[in-house]
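One structure below.
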Amino acid sequence: MTTENPGIPRPDESPAQRLSFPRQHARTQRFTLGAPRAFTPAPDGSRVAFLRSSSSVDRVGRLWVLDVSDGGTERVAADPHRLLGGADEQLSAEERARRERSREGGGGIVGYATDAAVELAAFALSGRLFTAGLREDSARELPVPGPVIDPRPSPDGRHIAYVARGALRVTGADGTGDRALAEPEAGREETVTYGLAEFIAAEEMARSRGFWWSPESDRLLVARVDDAPVQRWWIADPAHPDRAPQQVAYPAAGTPNADVRLFVLGLDGSRTEVVWDRARFPYLARVHWSTDGAPLLLVQSRDQGSQLYLAVDPDDGSTRMVHAEEDPDWLELFPGSPCWSPSGKMVRIADEAGARVLAWGERPLTGPQLHVRAVLDVTEQDVLISASAGPAAADPETGEIHVYRVNELGVERVSQEPGVHAAVRAGGLTVLVSATLDRPGARVQVLREGKQVATVASHAERPGLTPRVTLTEGGTRRIPCAVLLPTDYKETDGPLPVLLDPYGGPHGQRVQRAHNAFLTSQWFADQGFAVLVADGRGTPGRSPGWEKSIKNDVTLTLDDQVEALHALAETFPFDLERVAIRGWSYGGFLAGMAALRRPDVFHAAVVGAPVTDLRLYDTHYEERYLGDPNRSPETYRHNSLIWDDGLVEAAEPHRPMLIVHGLADDNVVVAHSLRLSSALLATGRPHEVLPLSGVTHMTPQEQVAENLLLLQVDFLKRSLGL
């Protein structure tokens, strides 16, 4: 069999396509540069604000406005190049940490917030505060102390709140009257912040903010975080021994978390603490404050088996329970939930009778036909949600995610074509973002009453390859799978070496009916592999039971990879004598476990940024699945790759492993890979280690990202004897 070399150009290729796929993939940041995102429709339905860079290789995000009432005309509302006078952006340590938590690899304007009318936007550049008028071009800098983090206008557009040096500050939208509403107490400047999300909230709870304006614009809810109780770790850069190690507060499983409190701060200088049982419910998971009701909190117990929905009296800080939930495994957190409806009933997502449903007050509005994933918008007429096929659906719709309108009369699908869809809605406008298998990138439509009134252009580059993917199910558990074969593969070519390419764990769905989701997998296939992507137990999007079946035993995720491989080998040209696996983060953990515990199945593994000793990962994540390591060390040991006495449950024969890790990773610290390498060496197991100097849990550097793909292919071919 021969496969096309992606580095050799064809006569009909454009200059961009003549780049090798690894270089194109790296240069365009996985084909995301130039794609529009972060949409905010105005409540009057006249315009939509959004972010987009100018081209497929430009990392600098600009703030744009689509004037719907003017035939869909686009204009730039704020350009970082002009605002910074052409200077390079300089980021504070706090801003770099925020971007790492959100996996933000771009530059320029990477986030913004608006007033209620979507007439004024605020954002930070190089730690400086800027605003932009969204009806007319009027971007300017406001002179305030910095470095500025997370600026947000008040709903009435008269004030802007932001964080600087741990203090929550407010300035007038005209740049006057700047003052601090709350500052770290004397002697606590190194550990206390007001208005920022703590590490656990940003990394694991998807709560990236730490303050919320009142609808009346006269006060704010502000989180006070004290990370003094959190243990300190040190991250050094061995490539620069002249630099001091970076100190990070890292709450590893079984160790203390940051102390999080919540205050109501008035613009008049008043300060009232919000009171709830923080000893029993220390996690502040969600905060919602709208015109439809009192401030609403969702707080969780440390083991995440119990949670309370609390309404806050902002005058005295007291709380009353609106609803309570318990689960023998854990309670999941969802985007947009909880919130109030205009009628005053609480809208939430709940697991009931084996299904994940939308609840309006105490009444479920959906059943087991849908698996609800997010609340997108709530009006008097309906609730807009994101959902996939549920356990009782007639069609599993493998890899599909759709947008639905739900009310007491029933459910209506907004997105129609098979694919992965998301949406935002306001002012009668719905911005629908749709990805499908038959076209690259995503299409953005602006709808009014279900009809397209405008589109938002994408400047993202078209990939130089097209996935040859089959979506299917594997094994008795009907595991969602994708199989990719080389572009020019013919049945007469015979069996192919197999490469499993999973994430395979919680919060990471890899099997999606979207073109760009499989570009890297197809490139590996074109190097001569049959590539299998499987979403086994623990992955999202199917049912609560599917996700929660891994409680206390995440090794089941490996069992499902094996089951899918063997089941699909009956249909696809898999050579089971040459099977490899690659993965990053949880996928790296899974690849390491595959090589160590199932060498009867796997013959080589690329182990990227793996968690190897689960005691070294964070509290909210590990304790959700495995409990407290101080109470159940045997559970942690069984689920780890290494322990104090070396490798855990490693089988023979030894299989080749390539271990890759960024030395600057503050999420999965490099100690995981170093300890794995030491344990392998102690047992005489040869392996390769690729340390990435200056690289975090992301790999945004172009040369690093490109060469990582090339080195992986070289390792896999050597290890499988290809």
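Lettering and numbering for the structure tokens are positional, with chains as A, B, ... in the shown order, residues counted from 1 in each chain, and ligands counted from 1 in the shown order.
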Mind checking which residues fall within 10 Å of A:Gly545, counting only C-alpha atoms, ignoring those fewer than 6 positions away in the same chain, and posting them as a VMD selection string?
-> chain A and resid 329 351 354 to 356 391 537 to 538
Could you turn the residues from that selection into a file that holds all heavy atoms, as a PDB file, in the first residue's frame?
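Output saved as out25.pdb:
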ATOM      1  N   ASP A 329     -23.116   9.104  43.619  1.00  0.00           N
ATOM      2  CA  ASP A 329     -21.837   9.182  42.907  1.00  0.00           C
ATOM      3  C   ASP A 329     -21.290  10.613  42.984  1.00  0.00           C
ATOM      4  O   ASP A 329     -20.375  10.900  43.722  1.00  0.00           O
ATOM      5  CB  ASP A 329     -22.006   8.731  41.460  1.00  0.00           C
ATOM      6  CG  ASP A 329     -22.403   7.267  41.375  1.00  0.00           C
ATOM      7  OD1 ASP A 329     -21.846   6.448  42.133  1.00  0.00           O
ATOM      8  OD2 ASP A 329     -23.298   6.944  40.565  1.00  0.00           O
ATOM      9  N   ASP A 351     -30.277  15.215  37.070  1.00  0.00           N
ATOM     10  CA  ASP A 351     -30.273  13.795  36.721  1.00  0.00           C
ATOM     11  C   ASP A 351     -31.435  13.126  37.447  1.00  0.00           C
ATOM     12  O   ASP A 351     -31.445  13.043  38.683  1.00  0.00           O
ATOM     13  CB  ASP A 351     -28.952  13.140  37.137  1.00  0.00           C
ATOM     14  CG  ASP A 351     -27.778  13.635  36.312  1.00  0.00           C
ATOM     15  OD1 ASP A 351     -28.023  14.287  35.273  1.00  0.00           O
ATOM     16  OD2 ASP A 351     -26.622  13.384  36.696  1.00  0.00           O
ATOM     17  N   GLY A 354     -32.437   8.171  35.593  1.00  0.00           N
ATOM     18  CA  GLY A 354     -31.488   7.710  34.596  1.00  0.00           C
ATOM     19  C   GLY A 354     -31.314   8.623  33.403  1.00  0.00           C
ATOM     20  O   GLY A 354     -30.639   8.255  32.436  1.00  0.00           O
ATOM     21  N   ALA A 355     -31.914   9.803  33.453  1.00  0.00           N
ATOM     22  CA  ALA A 355     -31.807  10.744  32.339  1.00  0.00           C
ATOM     23  C   ALA A 355     -31.362  12.098  32.858  1.00  0.00           C
ATOM     24  O   ALA A 355     -31.548  12.441  34.027  1.00  0.00           O
ATOM     25  CB  ALA A 355     -33.147  10.874  31.620  1.00  0.00           C
ATOM     26  N   ARG A 356     -30.767  12.896  31.975  1.00  0.00           N
ATOM     27  CA  ARG A 356     -30.369  14.256  32.302  1.00  0.00           C
ATOM     28  C   ARG A 356     -31.394  15.190  31.678  1.00  0.00           C
ATOM     29  O   ARG A 356     -31.493  15.301  30.451  1.00  0.00           O
ATOM     30  CB  ARG A 356     -28.960  14.542  31.797  1.00  0.00           C
ATOM     31  CG  ARG A 356     -28.406  15.888  32.223  1.00  0.00           C
ATOM     32  CD  ARG A 356     -26.898  15.865  32.225  1.00  0.00           C
ATOM     33  NE  ARG A 356     -26.385  15.045  33.313  1.00  0.00           N
ATOM     34  CZ  ARG A 356     -25.132  14.583  33.383  1.00  0.00           C
ATOM     35  NH1 ARG A 356     -24.273  14.867  32.412  1.00  0.00           N
ATOM     36  NH2 ARG A 356     -24.753  13.854  34.411  1.00  0.00           N
ATOM     37  N   PRO A 391     -30.803   8.333  26.536  1.00  0.00           N
ATOM     38  CA  PRO A 391     -30.819   6.867  26.571  1.00  0.00           C
ATOM     39  C   PRO A 391     -32.062   6.249  25.928  1.00  0.00           C
ATOM     40  O   PRO A 391     -32.023   5.087  25.537  1.00  0.00           O
ATOM     41  CB  PRO A 391     -30.744   6.547  28.069  1.00  0.00           C
ATOM     42  CG  PRO A 391     -31.175   7.799  28.773  1.00  0.00           C
ATOM     43  CD  PRO A 391     -30.754   8.920  27.887  1.00  0.00           C
ATOM     44  N   ARG A 537     -17.029   4.542  28.574  1.00  0.00           N
ATOM     45  CA  ARG A 537     -17.657   4.994  29.814  1.00  0.00           C
ATOM     46  C   ARG A 537     -16.836   6.110  30.456  1.00  0.00           C
ATOM     47  O   ARG A 537     -15.622   6.102  30.427  1.00  0.00           O
ATOM     48  CB  ARG A 537     -17.786   3.817  30.779  1.00  0.00           C
ATOM     49  CG  ARG A 537     -18.906   2.849  30.425  1.00  0.00           C
ATOM     50  CD  ARG A 537     -18.825   1.593  31.272  1.00  0.00           C
ATOM     51  NE  ARG A 537     -17.691   0.760  30.888  1.00  0.00           N
ATOM     52  CZ  ARG A 537     -17.377  -0.405  31.467  1.00  0.00           C
ATOM     53  NH1 ARG A 537     -18.116  -0.854  32.493  1.00  0.00           N
ATOM     54  NH2 ARG A 537     -16.352  -1.112  31.045  1.00  0.00           N
ATOM     55  N   GLY A 538     -17.551   7.063  31.039  1.00  0.00           N
ATOM     56  CA  GLY A 538     -16.912   8.220  31.653  1.00  0.00           C
ATOM     57  C   GLY A 538     -16.928   9.447  30.773  1.00  0.00           C
ATOM     58  O   GLY A 538     -16.821  10.566  31.277  1.00  0.00           O
TER      59      GLY A 538
END
If you count only C-alpha atoms, which residues fall within 6 Å of A:Asp535, apart from same-chain ones fewer than 3 positions away, as a PDB file with C-alpha atoms, in the first residue's frame?
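Now in selection.pdb:
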ATOM      1  CA  PRO A 480     -19.500   5.631  20.226  1.00  0.00           C
ATOM      2  CA  GLY A 504     -11.435   8.695  26.739  1.00  0.00           C
ATOM      3  CA  THR A 539     -17.099  10.424  28.556  1.00  0.00           C
TER       4      THR A 539
END
If we count only C-alpha atoms, what is near A:Ala113 at a cut-off of 9 Å, once residues fewer than 6 positions away on the same chain are taken out, given as a PDB file with C-alpha atoms, in the first residue's frame?
ATOM      1  CA  THR A  40     -23.210  38.679  22.094  1.00  0.00           C
ATOM      2  CA  LEU A 120     -20.512  49.409  25.641  1.00  0.00           C
ATOM      3  CA  ALA A 121     -17.812  46.734  25.746  1.00  0.00           C
ATOM      4  CA  ALA A 122     -14.863  46.541  28.132  1.00  0.00           C
ATOM      5  CA  PHE A 123     -11.686  44.487  27.752  1.00  0.00           C
ATOM      6  CA  ASP A 150     -11.575  40.829  33.733  1.00  0.00           C
ATOM      7  CA  PRO A 151     -13.196  44.290  33.320  1.00  0.00           C
ATOM      8  CA  ARG A 152     -17.010  44.228  33.216  1.00  0.00           C
ATOM      9  CA  PRO A 153     -19.403  47.157  32.650  1.00  0.00           C
TER      10      PRO A 153
END
Identify, on the basis of only C-alpha atoms, every residue whose closest approach to A:Leu616 does not exceed 12 Å; exclude the query and any residue fewer than 4 positions from it along the same chain; express the result as a PyMOL selection string.
-> chain A and resi 231+233+250-255+610-612+621-623+629+636-637+640-643+666-673+675
Write the selection just made, keeping C-alpha atoms, as a short mmCIF file (atom, residue, chain, number, x, y, z; two decimals), in the first residue's frame?
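Done, and the output landed in selection_29.cif:
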data_model
loop_
_atom_site.label_atom_id
_atom_site.label_comp_id
_atom_site.auth_asym_id
_atom_site.auth_seq_id
_atom_site.Cartn_x
_atom_site.Cartn_y
_atom_site.Cartn_z
CA GLN A 231 0.01 23.81 49.71
CA TRP A 233 4.50 23.76 44.76
CA TYR A 250 -1.87 23.75 44.03
CA PRO A 251 -4.72 21.97 45.88
CA ALA A 252 -3.83 18.32 45.28
CA ALA A 253 -6.37 15.61 46.13
CA GLY A 254 -6.84 15.22 49.87
CA THR A 255 -5.19 18.56 50.74
CA PRO A 610 -0.17 12.12 31.76
CA VAL A 611 -1.48 12.07 35.31
CA THR A 612 0.43 9.09 36.70
CA TYR A 621 -11.47 16.47 39.88
CA GLU A 622 -9.96 13.45 41.61
CA GLU A 623 -12.20 13.47 44.68
CA PRO A 629 -7.08 9.64 49.10
CA TYR A 636 -6.01 5.77 44.30
CA ARG A 637 -3.25 3.18 44.05
CA SER A 640 -2.64 5.21 39.29
CA LEU A 641 0.19 4.19 36.99
CA ILE A 642 2.80 4.57 39.72
CA TRP A 643 2.89 4.57 43.52
CA ASP A 666 1.04 23.95 36.22
CA ASN A 667 -2.02 21.76 35.74
CA VAL A 668 -0.48 18.32 35.24
CA VAL A 669 2.96 19.04 36.64
CA VAL A 670 5.98 17.39 35.03
CA ALA A 671 6.60 15.39 38.21
CA HIS A 672 4.02 12.93 36.86
CA SER A 673 6.19 12.05 33.86
CA ARG A 675 8.27 9.78 38.35
#
Just give me the gap between atom CA of A:Gly86 and atom CA of A:Asp58 in Å, one decimal is fine.
->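 Answer for the atom CA of A:Gly86 to atom CA of A:Asp58 separation: 14.0 Å.
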May I have all residues of stretch 182-325 of chain A that DSSP, computed from the backbone, assigns to helix (DSSP H, G or I), given as an NGL selection string?
-> :A and (199-204)
Hey, can you spit out that residue selection with C-alpha atoms as a compact mmCIF listing (two decimals), in the first residue's frame?
# COMPACT_ATOMS: atom_id res chain seq x y z
CA PHE A 199 -7.70 27.70 40.63
CA ILE A 200 -10.26 24.96 41.29
CA ALA A 201 -13.21 27.05 40.09
CA ALA A 202 -11.48 28.05 36.86
CA GLU A 203 -9.86 24.68 36.11
CA GLU A 204 -12.63 22.28 37.13
Near A:Leu465, within 10 Å and counting only C-alpha atoms, which residues show up once chain neighbours fewer than 2 positions away are dropped, as an MDAnalysis selection string?
-> chainID A and resid 6 17 21 440 462:463 467:468 487 516 519:520 522:523 526
Output N, CA, C and O atoms for every residue in the selection just made, as a PDB file, in the first residue's frame.
ATOM      1  N   PRO A   6       2.045  14.035   2.668  1.00  0.00           N
ATOM      2  CA  PRO A   6       1.445  15.369   2.729  1.00  0.00           C
ATOM      3  C   PRO A   6       2.455  16.485   2.573  1.00  0.00           C
ATOM      4  O   PRO A   6       2.076  17.639   2.434  1.00  0.00           O
ATOM      5  N   GLN A  17      -2.054  25.232   1.124  1.00  0.00           N
ATOM      6  CA  GLN A  17      -2.185  23.789   1.161  1.00  0.00           C
ATOM      7  C   GLN A  17      -0.851  23.082   0.935  1.00  0.00           C
ATOM      8  O   GLN A  17      -0.717  21.911   1.273  1.00  0.00           O
ATOM      9  N   PHE A  21       0.771  19.224   6.590  1.00  0.00           N
ATOM     10  CA  PHE A  21      -0.342  19.354   7.537  1.00  0.00           C
ATOM     11  C   PHE A  21       0.155  19.718   8.928  1.00  0.00           C
ATOM     12  O   PHE A  21      -0.454  20.594   9.578  1.00  0.00           O
ATOM     13  N   PRO A 440     -15.360  21.993   6.320  1.00  0.00           N
ATOM     14  CA  PRO A 440     -14.413  22.365   7.382  1.00  0.00           C
ATOM     15  C   PRO A 440     -14.919  23.530   8.207  1.00  0.00           C
ATOM     16  O   PRO A 440     -15.745  24.327   7.757  1.00  0.00           O
ATOM     17  N   ARG A 462      -8.734  26.692   5.273  1.00  0.00           N
ATOM     18  CA  ARG A 462      -9.263  25.370   4.921  1.00  0.00           C
ATOM     19  C   ARG A 462      -8.138  24.349   5.059  1.00  0.00           C
ATOM     20  O   ARG A 462      -7.051  24.542   4.510  1.00  0.00           O
ATOM     21  N   PRO A 463      -8.380  23.267   5.775  1.00  0.00           N
ATOM     22  CA  PRO A 463      -7.334  22.247   5.921  1.00  0.00           C
ATOM     23  C   PRO A 463      -6.965  21.640   4.578  1.00  0.00           C
ATOM     24  O   PRO A 463      -7.777  21.581   3.646  1.00  0.00           O
ATOM     25  N   PRO A 467     -11.170  14.458   6.276  1.00  0.00           N
ATOM     26  CA  PRO A 467     -11.270  13.185   7.008  1.00  0.00           C
ATOM     27  C   PRO A 467     -12.102  12.154   6.252  1.00  0.00           C
ATOM     28  O   PRO A 467     -13.180  12.456   5.722  1.00  0.00           O
ATOM     29  N   ARG A 468     -11.580  10.941   6.222  1.00  0.00           N
ATOM     30  CA  ARG A 468     -12.326   9.797   5.695  1.00  0.00           C
ATOM     31  C   ARG A 468     -12.791   9.014   6.919  1.00  0.00           C
ATOM     32  O   ARG A 468     -12.128   8.103   7.379  1.00  0.00           O
ATOM     33  N   THR A 487      -6.484   8.044   3.113  1.00  0.00           N
ATOM     34  CA  THR A 487      -7.291   8.642   2.056  1.00  0.00           C
ATOM     35  C   THR A 487      -7.371   7.750   0.829  1.00  0.00           C
ATOM     36  O   THR A 487      -8.429   7.644   0.193  1.00  0.00           O
ATOM     37  N   ASN A 516     -13.535  19.205  11.495  1.00  0.00           N
ATOM     38  CA  ASN A 516     -12.239  19.535  12.079  1.00  0.00           C
ATOM     39  C   ASN A 516     -11.881  18.677  13.279  1.00  0.00           C
ATOM     40  O   ASN A 516     -10.718  18.654  13.694  1.00  0.00           O
ATOM     41  N   LEU A 519      -9.187  16.000  12.010  1.00  0.00           N
ATOM     42  CA  LEU A 519      -8.108  16.330  11.086  1.00  0.00           C
ATOM     43  C   LEU A 519      -6.798  15.656  11.472  1.00  0.00           C
ATOM     44  O   LEU A 519      -6.122  15.048  10.628  1.00  0.00           O
ATOM     45  N   THR A 520      -6.416  15.763  12.747  1.00  0.00           N
ATOM     46  CA  THR A 520      -5.166  15.134  13.174  1.00  0.00           C
ATOM     47  C   THR A 520      -5.250  13.626  13.053  1.00  0.00           C
ATOM     48  O   THR A 520      -4.284  12.962  12.633  1.00  0.00           O
ATOM     49  N   GLN A 522      -6.965  11.965  10.882  1.00  0.00           N
ATOM     50  CA  GLN A 522      -6.840  11.613   9.472  1.00  0.00           C
ATOM     51  C   GLN A 522      -5.393  11.723   9.007  1.00  0.00           C
ATOM     52  O   GLN A 522      -4.930  10.902   8.204  1.00  0.00           O
ATOM     53  N   TRP A 523      -4.669  12.729   9.512  1.00  0.00           N
ATOM     54  CA  TRP A 523      -3.263  12.834   9.124  1.00  0.00           C
ATOM     55  C   TRP A 523      -2.481  11.603   9.581  1.00  0.00           C
ATOM     56  O   TRP A 523      -1.661  11.063   8.832  1.00  0.00           O
ATOM     57  N   ASP A 526      -3.244   8.826   7.254  1.00  0.00           N
ATOM     58  CA  ASP A 526      -2.537   8.947   5.984  1.00  0.00           C
ATOM     59  C   ASP A 526      -1.061   8.587   6.085  1.00  0.00           C
ATOM     60  O   ASP A 526      -0.371   8.507   5.065  1.00  0.00           O
TER      61      ASP A 526
END
Spatial neighbours of A:Tyr586, max dist 7 Å, only C-alpha atoms, sep filter under 2 positions, as an MDAnalysis selection string | chainID A and resid 503 505 584 588:590 610:611
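Minimum atom-to-atom distance to A:Ser53, evaluated using only C-alpha atoms, belongs to A:Ala457 out of A:Ala457, A:Leu296, A:Ala514, A:Ala650.
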Determine, counting only C-alpha atoms, which protein, DNA and RNA residues have an atom within 10 Å of an atom of A:Asp44; residues of the same chain fewer than 6 positions away are not included. Present the result as a PyMOL selection string.
-> chain A and resi 117-118+426-429
Pick the closest to A:Ala206 from A:Pro245, A:Gly336, A:Thr291, A:Ala35: which is it, counting only C-alpha atoms?
-> A:Gly336
Residue set, stretch 354-548 of chain A restricted to strand (DSSP E), as JSON, numbers by chain | {"A": [355, 356, 357, 358, 359, 360, 363, 364, 370, 371, 372, 373, 374, 375, 376, 377, 378, 383, 384, 385, 386, 387, 388, 389, 402, 403, 404, 405, 406, 407, 410, 411, 412, 413, 420, 421, 422, 423, 424, 425, 426, 429, 430, 431, 432, 433, 434, 435, 436, 439, 440, 441, 442, 443, 444, 445, 446, 447, 448, 451, 452, 453, 454, 455, 456, 469, 470, 471, 472, 473, 474, 479, 480, 481, 482, 483, 484, 496, 497, 498, 499, 500, 530, 531, 532, 533, 534]}
Return the single residue from A:Ala604, A:Leu376, A:Tyr162, A:Gly662 that is closest to A:Ala236, with distances computed using only C-alpha atoms.
->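 Looking at the shortest contact to A:Ala236, the residue is A:Gly662.
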Of the candidates A:Leu710, A:Leu680, A:Ala594, A:Val264, which one gets nearest to A:Trp212 if we count only C-alpha atoms?
->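 Counting only C-alpha atoms, the residue closest to A:Trp212 is A:Val264.
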Go through A:Val531, A:Val312, A:Leu142, A:Ala258 and flag the residue nearest A:Thr176, using only C-alpha atoms for the distances.
-> A:Leu142
Option closest in space to A:Thr571, from A:Gly646, A:Pro653, A:Gly475, A:Pro328 [counting only C-alpha atoms] = A:Gly475
